[in-house]
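Q: Dropping in work-v1.txt, which is compact mmCIF, C-alpha atoms:
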# COMPACT_ATOMS: atom_id res chain seq x y z
CA MET A 1 13.75 -8.92 -6.24
CA THR A 2 16.36 -8.16 -3.62
CA GLU A 3 16.62 -5.40 -1.06
CA ALA A 4 19.57 -3.99 -2.96
CA THR A 5 17.33 -3.25 -5.94
CA ARG A 6 16.71 0.49 -6.31
CA ARG A 7 13.18 1.12 -7.52
CA THR A 8 12.30 3.24 -10.53
CA PRO A 9 10.65 6.45 -9.21
CA GLY A 10 6.90 5.94 -8.96
CA THR A 11 7.13 2.21 -8.24
CA PRO A 12 5.26 1.07 -5.13
CA SER A 13 8.21 0.14 -2.95
CA TRP A 14 6.89 -0.33 0.59
CA VAL A 15 3.68 -0.65 2.60
CA SER A 16 3.24 0.28 6.23
CA LEU A 17 0.51 0.32 8.83
CA MET A 18 0.05 2.56 11.89
CA VAL A 19 -2.04 0.98 14.64
CA HIS A 20 -3.01 1.47 18.29
CA GLY A 21 -2.10 -2.04 19.50
CA LEU A 22 1.27 -3.01 18.08
CA ASP A 23 1.60 -6.35 19.89
CA ALA A 24 -1.89 -7.57 18.98
CA THR A 25 -1.39 -6.49 15.37
CA GLN A 26 1.86 -8.43 15.14
CA GLU A 27 0.04 -11.52 16.45
CA PHE A 28 -2.69 -11.14 13.80
CA TYR A 29 -0.39 -10.73 10.81
CA GLY A 30 2.12 -13.23 12.13
CA ALA A 31 -0.60 -15.87 12.26
CA LEU A 32 -2.13 -14.84 8.91
CA PHE A 33 1.01 -14.43 6.78
CA GLY A 34 3.73 -16.18 8.78
CA TRP A 35 5.53 -12.89 9.41
CA GLU A 36 8.25 -12.47 12.00
CA PHE A 37 9.26 -9.02 13.25
CA ALA A 38 12.39 -6.96 13.85
CA PRO A 39 12.75 -3.44 15.29
CA GLY A 40 12.63 -0.59 12.77
CA PRO A 41 14.20 2.91 12.82
CA GLN A 42 13.99 4.51 16.27
CA GLN A 43 13.08 7.84 14.65
CA LEU A 44 9.68 6.35 13.77
CA GLY A 45 8.82 5.59 17.41
CA PRO A 46 7.53 2.10 18.26
CA TYR A 47 7.94 0.48 14.84
CA VAL A 48 8.72 -3.00 13.53
CA ARG A 49 9.53 -4.43 10.14
CA ALA A 50 7.73 -7.59 9.08
CA LEU A 51 10.03 -10.35 7.84
CA LEU A 52 9.27 -13.34 5.66
CA ASP A 53 12.12 -15.84 5.42
CA GLY A 54 14.37 -13.08 6.75
CA GLN A 55 13.38 -10.57 4.07
CA GLU A 56 11.59 -7.31 4.90
CA VAL A 57 8.11 -7.10 3.39
CA ALA A 58 6.18 -4.44 5.35
CA GLY A 59 6.29 -2.09 8.33
CA ILE A 60 3.98 -1.65 11.33
CA GLY A 61 4.14 1.28 13.73
CA GLN A 62 2.21 2.41 16.79
CA LEU A 63 0.12 5.56 16.85
CA PRO A 64 0.50 7.91 19.82
CA PRO A 65 -2.35 7.34 22.29
CA ASP A 66 -3.79 10.81 21.62
CA ARG A 67 -3.87 10.40 17.83
CA HIS A 68 -7.28 9.18 16.71
CA LEU A 69 -6.40 8.63 13.08
CA PRO A 70 -7.94 6.07 10.71
CA VAL A 71 -6.01 2.80 10.80
CA ALA A 72 -5.04 2.00 7.21
CA TRP A 73 -2.28 0.46 5.12
CA THR A 74 -0.21 3.11 3.34
CA THR A 75 1.40 2.53 -0.05
CA TYR A 76 4.80 4.21 -0.52
CA LEU A 77 5.91 5.26 -3.98
CA ALA A 78 9.64 5.37 -4.73
CA THR A 79 11.46 8.61 -5.47
CA ASP A 80 15.07 9.67 -5.96
CA ASP A 81 14.38 12.98 -4.17
CA ALA A 82 11.63 13.16 -1.54
CA ASP A 83 11.85 16.96 -1.24
CA GLU A 84 11.52 17.50 -4.99
CA THR A 85 8.61 15.07 -5.19
CA ALA A 86 6.87 16.73 -2.22
CA GLU A 87 7.12 20.08 -3.99
CA ALA A 88 5.69 18.57 -7.20
CA ILE A 89 2.80 17.10 -5.19
CA ARG A 90 1.99 20.53 -3.75
CA CYS A 91 2.23 22.19 -7.16
CA CYS A 92 -0.17 19.64 -8.67
CA GLY A 93 -2.88 20.12 -6.02
CA GLY A 94 -1.89 17.45 -3.52
CA THR A 95 -1.02 17.86 0.17
CA VAL A 96 2.12 16.98 2.11
CA ALA A 97 0.98 16.13 5.63
CA VAL A 98 4.21 14.79 7.14
CA GLY A 99 7.83 15.47 6.18
CA PRO A 100 9.89 15.08 4.20
CA LEU A 101 11.87 13.69 7.12
CA ASP A 102 14.73 11.27 7.66
CA ALA A 103 14.16 7.74 8.97
CA GLY A 104 17.71 7.38 10.19
CA ASP A 105 20.00 5.99 7.51
CA ALA A 106 17.11 3.88 6.13
CA GLY A 107 15.89 6.71 3.90
CA ARG A 108 13.74 9.82 3.69
CA LEU A 109 9.96 9.85 3.61
CA ALA A 110 6.88 12.01 3.30
CA ILE A 111 3.21 11.25 3.87
CA CYS A 112 1.01 12.93 1.27
CA SER A 113 -2.48 12.92 -0.19
CA ASP A 114 -3.65 13.40 -3.75
CA PRO A 115 -6.14 16.13 -4.74
CA VAL A 116 -9.08 13.82 -3.92
CA GLY A 117 -7.72 12.98 -0.46
CA ALA A 118 -6.20 9.52 -0.91
CA VAL A 119 -3.18 9.11 1.39
CA PHE A 120 0.10 7.67 0.13
CA GLY A 121 3.75 7.78 1.12
CA VAL A 122 6.88 8.82 -0.74
CA TRP A 123 10.09 6.88 -0.06
CA GLN A 124 13.62 7.97 -0.95
CA ALA A 125 15.79 4.96 -0.27
CA GLY A 126 18.91 5.12 1.86
CA ILE A 127 20.11 1.70 2.96
CA HIS A 128 16.48 0.46 2.99
CA HIS A 129 15.17 0.05 -0.55
CA GLY A 130 11.74 -1.25 0.41
CA THR A 131 9.97 -4.56 0.09
CA ALA A 132 12.66 -7.18 -0.39
CA ALA A 133 10.36 -9.88 -1.76
CA ALA A 134 7.19 -9.71 -3.86
CA GLY A 135 5.36 -12.75 -5.17
CA PRO A 136 5.54 -15.46 -2.48
CA PRO A 137 2.58 -15.89 -0.10
CA GLY A 138 2.65 -13.22 2.59
CA THR A 139 4.13 -10.49 0.37
CA PRO A 140 2.45 -7.40 -1.12
CA VAL A 141 1.96 -8.01 -4.85
CA TRP A 142 -0.20 -5.13 -6.11
CA ASN A 143 -1.38 -1.64 -5.14
CA GLU A 144 -4.49 0.03 -6.49
CA LEU A 145 -6.09 3.42 -5.91
CA LEU A 146 -9.84 3.34 -5.39
CA THR A 147 -11.18 6.80 -6.26
CA TYR A 148 -14.21 8.57 -7.68
CA GLU A 149 -13.01 8.82 -11.28
CA THR A 150 -9.61 8.29 -12.86
CA SER A 151 -9.34 11.15 -15.35
CA ALA A 152 -8.36 14.13 -13.18
CA VAL A 153 -6.53 12.24 -10.46
CA GLY A 154 -4.78 10.17 -13.12
CA LYS A 155 -3.30 13.38 -14.50
CA PHE A 156 -1.95 14.20 -11.01
CA TYR A 157 -0.11 10.88 -10.69
CA ARG A 158 1.15 10.98 -14.28
CA THR A 159 2.55 14.48 -13.80
CA VAL A 160 4.23 13.81 -10.44
CA PHE A 161 5.61 10.33 -11.17
CA ARG A 162 5.75 10.31 -14.99
CA TYR A 163 3.67 7.18 -15.41
CA GLU A 164 2.47 5.97 -18.76
CA ALA A 165 -1.25 5.31 -18.42
CA GLU A 166 -3.28 2.61 -20.15
CA PRO A 167 -7.04 3.06 -19.74
CA VAL A 168 -9.61 0.29 -20.05
CA VAL A 169 -12.00 1.48 -22.73
CA SER A 170 -15.43 0.63 -21.37
CA ALA A 171 -18.67 2.51 -20.85
CA ASP A 172 -19.22 0.98 -17.41
CA PHE A 173 -15.68 0.36 -16.11
CA ASP A 174 -13.34 3.22 -15.18
CA TYR A 175 -9.87 1.68 -14.82
CA LEU A 176 -6.40 3.02 -15.53
CA THR A 177 -3.21 0.93 -15.33
CA LEU A 178 -0.01 2.84 -14.53
CA HIS A 179 3.18 1.73 -16.31
CA LEU A 180 6.88 2.47 -15.79
CA ASP A 181 9.46 1.30 -18.31
CA GLY A 182 6.67 -0.53 -20.13
CA ARG A 183 5.71 -2.54 -17.03
CA PRO A 184 2.44 -2.26 -15.06
CA VAL A 185 3.18 -1.16 -11.49
CA ALA A 186 -0.17 0.03 -10.08
CA ALA A 187 -3.70 0.96 -11.11
CA LEU A 188 -6.45 3.50 -10.52
CA GLN A 189 -10.07 2.40 -10.34
CA GLY A 190 -12.93 4.91 -10.51
CA LEU A 191 -15.92 3.74 -8.48
CA GLY A 192 -18.12 6.85 -8.59
CA THR A 193 -20.92 6.67 -6.04
CA ALA A 194 -19.92 3.08 -5.17
CA LEU A 195 -16.83 4.39 -3.37
CA PRO A 196 -17.34 3.72 0.37
CA ARG A 197 -18.38 7.02 1.95
CA ASP A 198 -16.74 6.20 5.27
CA ARG A 199 -13.35 5.73 3.60
CA GLY A 200 -13.30 8.04 0.60
CA ALA A 201 -10.55 7.66 -1.99
CA HIS A 202 -7.80 5.32 -0.77
CA TRP A 203 -4.94 3.09 -1.84
CA LEU A 204 -5.48 -0.66 -1.41
CA THR A 205 -2.71 -3.24 -1.00
CA TYR A 206 -3.06 -6.83 -2.22
CA PHE A 207 -1.18 -9.56 -0.32
CA GLU A 208 -0.51 -12.94 -1.92
CA VAL A 209 -1.90 -16.06 -0.18
CA THR A 210 -1.77 -19.77 -0.96
CA ASP A 211 -5.54 -20.22 -0.61
CA THR A 212 -7.86 -17.20 -0.60
CA ASP A 213 -10.82 -19.02 0.96
CA ALA A 214 -8.74 -20.51 3.77
CA ALA A 215 -7.04 -17.18 4.41
CA ALA A 216 -10.40 -15.40 4.59
CA ARG A 217 -11.63 -17.91 7.17
CA LEU A 218 -8.42 -17.39 9.15
CA VAL A 219 -8.92 -13.61 9.10
CA THR A 220 -12.28 -14.14 10.85
CA GLU A 221 -10.85 -16.63 13.33
CA LEU A 222 -8.13 -14.14 14.25
CA GLY A 223 -10.65 -11.36 15.00
CA GLY A 224 -10.69 -9.62 11.63
CA HIS A 225 -13.56 -9.24 9.15
CA VAL A 226 -14.32 -10.37 5.62
CA LEU A 227 -15.77 -7.35 3.80
CA ARG A 228 -16.15 -9.00 0.40
CA PRO A 229 -16.03 -12.81 0.22
CA PRO A 230 -13.61 -14.62 -2.09
CA ARG A 231 -14.44 -14.34 -5.79
CA GLU A 232 -12.69 -14.85 -9.08
CA GLY A 233 -11.13 -11.71 -10.54
CA SER A 234 -8.95 -10.91 -13.52
CA ALA A 235 -5.76 -11.49 -11.52
CA GLY A 236 -6.89 -14.48 -9.47
CA ARG A 237 -9.13 -15.33 -6.55
CA VAL A 238 -9.46 -12.27 -4.32
CA ALA A 239 -11.20 -11.21 -1.10
CA LEU A 240 -11.44 -7.87 0.68
CA VAL A 241 -10.78 -8.11 4.42
CA ALA A 242 -9.96 -5.98 7.48
CA ASP A 243 -7.74 -6.63 10.47
CA PRO A 244 -9.08 -6.33 14.07
CA GLU A 245 -8.39 -2.57 14.13
CA GLY A 246 -10.17 -2.05 10.82
CA ALA A 247 -7.26 -1.69 8.38
CA VAL A 248 -8.57 -2.85 5.00
CA PHE A 249 -6.54 -4.93 2.54
CA SER A 250 -7.05 -7.53 -0.15
CA ILE A 251 -5.83 -11.11 -0.18
CA VAL A 252 -5.29 -12.78 -3.54
CA HIS A 253 -4.19 -16.13 -4.90
CA SER A 254 -2.79 -14.92 -8.19
CA THR A 255 -3.40 -16.62 -11.50
CA THR A 256 -0.13 -17.80 -13.01
CA GLY A 257 0.78 -18.98 -16.43
Written as structure tokens, how would this file's structure read?

A:
Amino acid sequence: MTEATRRTPGTPSWVSLMVHGLDATQEFYGALFGWEFAPGPQQLGPYVRALLDGQEVAGIGQLPPDRHLPVAWTTYLATDDADETAEAIRCCGGTVAVGPLDAGDAGRLAICSDPVGAVFGVWQAGIHHGTAAAGPPGTPVWNELLTYETSAVGKFYRTVFRYEAEPVVSADFDYLTLHLDGRPVAALQGLGTALPRDRGAHWLTYFEVTDTDAAARLVTELGGHVLRPPREGSAGRVALVADPEGAVFSIVHSTTG
């Protein structure tokens, strides 16, 4: 995947994080994933793009001192027209909190939430098409919505982004995989009362690592927290962790072959 690749609308194309301490956050993720950093669009305020082998993989920005917002990774879904998508989100019961607005010549974005309150971004590419590498250690490889139940909110995402949905038929497992062009691109997982009350519905980003257990130990050494220890999952060995400011993400060593 190269940066010149334009994403099919609805494809997760970028992840970004807004934090209070930009320098300390760069140190954490630099040590954990081997990221280096370059300045991002000035229109976004203090903002850097994370680089892996020179390729852009994520963005990190700094919150204004007076903004006491939850620190969380945000998944951006691709669109060919941010304004049209924002209007569709409103019409389908979602909320547009920020934008659409231009990020210089990089593209146009909006920050939205679905009808249950899960926050996500919309990205209309200009010269910046999004994550330039996905698969190697240190890159985002999967995005999943954790919500109460998948039926109603699944209809919202299918209507706005025209996903094909493939449910897991199970009496005790509420899971919906979202497809575009016959390819799985994201998933919705209904957790019911097991959804963390302090977080509510939210998108979760998975980052690839070489060794999940070693990476989880490193998270702790760097001042972060392991929320769910490494375990074997359907896609590989996965752990749920948080950075020092509390942004939650998953680390995974994917099963191949």

Q: Can you work out which one of A:Cys92, A:Val141, A:Val252, A:Ala103 has the shortest atom-to-atom distance to A:Trp14, counting all atoms listed in the file?

A: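 The closest residue to A:Trp14 is A:Val141.
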
Q: Nearest to A:Gly61 among A:Thr79, A:Ser16, A:Gln42, A:Ser250, with distances taken over all atoms listed in the file: which residue is it?

A: A:Ser16

Q: Need the shell around A:Val122: protein/DNA/RNA residues with any atom at most 7 Å away, counting all atoms listed in the file. Skip same-chain ones fewer than 3 positions apart. Format as a list of chain:residue names?

A: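 Within the cut-off, the hits are A:Tyr76, A:Leu77, A:Ala78, A:Thr79, A:Ala82, A:Leu109, A:Ala110, A:Ile111.
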
Q: Can you tell me which residues surround A:Gly54 at a distance of at most 9 Å, considering only C-alpha atoms, apart from same-chain residues fewer than 3 positions away, and format the answer as JSON, numbers by chain?

A: {"A": [36, 50, 51]}

Q: Counting all atoms listed in the file, select every polymer residue within 12 Å of (-8.2, -10.4, -4.9) as defined in the file's coordinates, and provide the selection as a VMD selection string.

A: chain A and resid 140 to 144 204 to 209 211 to 213 215 to 216 227 to 241 249 to 255

Q: With all atoms listed in the file as the counted atoms, please give the residues lying no more than 7 Å from stretch 21-30 of chain A, apart from itself and same-chain residues fewer than 3 positions off, as a ChimeraX atom specification.

A: /A:33-36,61-62,222

Q: Please compute the atom CA of A:Val185-atom CA of A:Thr11 distance, one decimal, in Å.

A: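 Separation between atom CA of A:Val185 and atom CA of A:Thr11: 6.1 Å.
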
Q: Take atom CA of A:Arg162 and atom CA of A:Gly192 and report the distance between them in Å, one decimal.

A: 25.0 Å

Q: Rank A:Glu149, A:Gly246, A:Leu101, A:Cys112 by their smallest atom-to-atom distance to A:Asp198, using only C-alpha atoms, and report the top residue only.

A: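 Counting only C-alpha atoms, the residue closest to A:Asp198 is A:Gly246.
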
Q: Just want the 12 Å neighbourhood of A:Ala187, counted on only C-alpha atoms, with same-chain residues fewer than 4 positions away dropped. Output as a PyMOL selection string.

A: chain A and resi 10-12+142-147+150+153-154+157-158+163-168+174-180+183+202-206

Q: Set the distance at 6 Å and use only C-alpha atoms: which residues neighbour stretch 68-75 of chain A once local chain neighbours fewer than 2 positions away are removed? I'd like the list as an MDAnalysis selection string.

A: chainID A and resid 15:17 19 120:121 247

Q: Could stretch 73-99 of chain A be completed with N, CA, C and O atoms and returned as a compact mmCIF listing (two decimals), keeping the file's coordinate frame?

A:
# COMPACT_ATOMS: atom_id res chain seq x y z
N TRP A 73 -3.55 0.74 5.80
CA TRP A 73 -2.28 0.46 5.12
C TRP A 73 -1.94 1.62 4.20
O TRP A 73 -2.82 2.16 3.52
N THR A 74 -0.67 2.01 4.19
CA THR A 74 -0.21 3.11 3.34
C THR A 74 0.78 2.57 2.30
O THR A 74 1.74 1.89 2.65
N THR A 75 0.51 2.87 1.05
CA THR A 75 1.40 2.53 -0.05
C THR A 75 2.43 3.63 -0.22
O THR A 75 2.08 4.81 -0.28
N TYR A 76 3.72 3.24 -0.29
CA TYR A 76 4.80 4.21 -0.52
C TYR A 76 5.30 4.08 -1.95
O TYR A 76 5.59 2.97 -2.41
N LEU A 77 5.42 5.22 -2.61
CA LEU A 77 5.91 5.26 -3.98
C LEU A 77 7.36 5.74 -3.97
O LEU A 77 7.71 6.71 -3.29
N ALA A 78 8.21 5.08 -4.73
CA ALA A 78 9.64 5.37 -4.73
C ALA A 78 9.93 6.72 -5.37
O ALA A 78 9.23 7.16 -6.29
N THR A 79 10.97 7.37 -4.87
CA THR A 79 11.46 8.61 -5.47
C THR A 79 12.98 8.68 -5.28
O THR A 79 13.53 8.07 -4.35
N ASP A 80 13.64 9.41 -6.14
CA ASP A 80 15.07 9.67 -5.96
C ASP A 80 15.31 10.91 -5.11
O ASP A 80 16.42 11.14 -4.65
N ASP A 81 14.25 11.74 -4.92
CA ASP A 81 14.38 12.98 -4.17
C ASP A 81 13.04 13.30 -3.52
O ASP A 81 12.13 13.82 -4.18
N ALA A 82 12.91 12.97 -2.23
CA ALA A 82 11.63 13.16 -1.54
C ALA A 82 11.22 14.63 -1.49
O ALA A 82 10.03 14.96 -1.60
N ASP A 83 12.18 15.53 -1.33
CA ASP A 83 11.85 16.96 -1.24
C ASP A 83 11.33 17.48 -2.58
O ASP A 83 10.34 18.23 -2.62
N GLU A 84 11.97 17.08 -3.66
CA GLU A 84 11.52 17.50 -4.99
C GLU A 84 10.14 16.94 -5.31
O GLU A 84 9.28 17.65 -5.84
N THR A 85 9.91 15.68 -4.95
CA THR A 85 8.61 15.07 -5.19
C THR A 85 7.52 15.73 -4.35
O THR A 85 6.40 15.96 -4.82
N ALA A 86 7.85 16.04 -3.09
CA ALA A 86 6.87 16.73 -2.22
C ALA A 86 6.47 18.07 -2.83
O ALA A 86 5.29 18.45 -2.80
N GLU A 87 7.42 18.79 -3.37
CA GLU A 87 7.12 20.08 -3.99
C GLU A 87 6.24 19.89 -5.22
O GLU A 87 5.30 20.65 -5.45
N ALA A 88 6.52 18.85 -6.02
CA ALA A 88 5.69 18.57 -7.20
C ALA A 88 4.27 18.21 -6.78
O ALA A 88 3.29 18.60 -7.45
N ILE A 89 4.13 17.47 -5.68
CA ILE A 89 2.80 17.10 -5.19
C ILE A 89 2.01 18.34 -4.81
O ILE A 89 0.83 18.49 -5.18
N ARG A 90 2.67 19.28 -4.12
CA ARG A 90 1.99 20.53 -3.75
C ARG A 90 1.60 21.32 -5.00
O ARG A 90 0.48 21.85 -5.09
N CYS A 91 2.49 21.41 -5.95
CA CYS A 91 2.23 22.19 -7.16
C CYS A 91 1.09 21.61 -8.00
O CYS A 91 0.42 22.34 -8.75
N CYS A 92 0.87 20.31 -7.87
CA CYS A 92 -0.17 19.64 -8.67
C CYS A 92 -1.49 19.48 -7.91
O CYS A 92 -2.38 18.75 -8.35
N GLY A 93 -1.61 20.14 -6.75
CA GLY A 93 -2.88 20.12 -6.02
C GLY A 93 -2.98 19.11 -4.92
O GLY A 93 -4.04 18.97 -4.30
N GLY A 94 -1.89 18.39 -4.63
CA GLY A 94 -1.89 17.45 -3.52
C GLY A 94 -1.46 18.13 -2.22
O GLY A 94 -1.21 19.34 -2.18
N THR A 95 -1.38 17.36 -1.16
CA THR A 95 -1.02 17.86 0.17
C THR A 95 0.11 17.03 0.73
O THR A 95 0.12 15.81 0.58
N VAL A 96 1.06 17.67 1.38
CA VAL A 96 2.12 16.98 2.11
C VAL A 96 1.82 17.15 3.59
O VAL A 96 1.93 18.24 4.14
N ALA A 97 1.42 16.06 4.24
CA ALA A 97 0.98 16.13 5.63
C ALA A 97 2.12 15.93 6.62
O ALA A 97 2.12 16.53 7.70
N VAL A 98 3.08 15.09 6.26
CA VAL A 98 4.21 14.79 7.14
C VAL A 98 5.49 14.80 6.32
O VAL A 98 5.55 14.18 5.26
N GLY A 99 6.52 15.48 6.82
CA GLY A 99 7.83 15.47 6.18
C GLY A 99 7.96 16.46 5.05
O GLY A 99 7.17 17.42 4.97
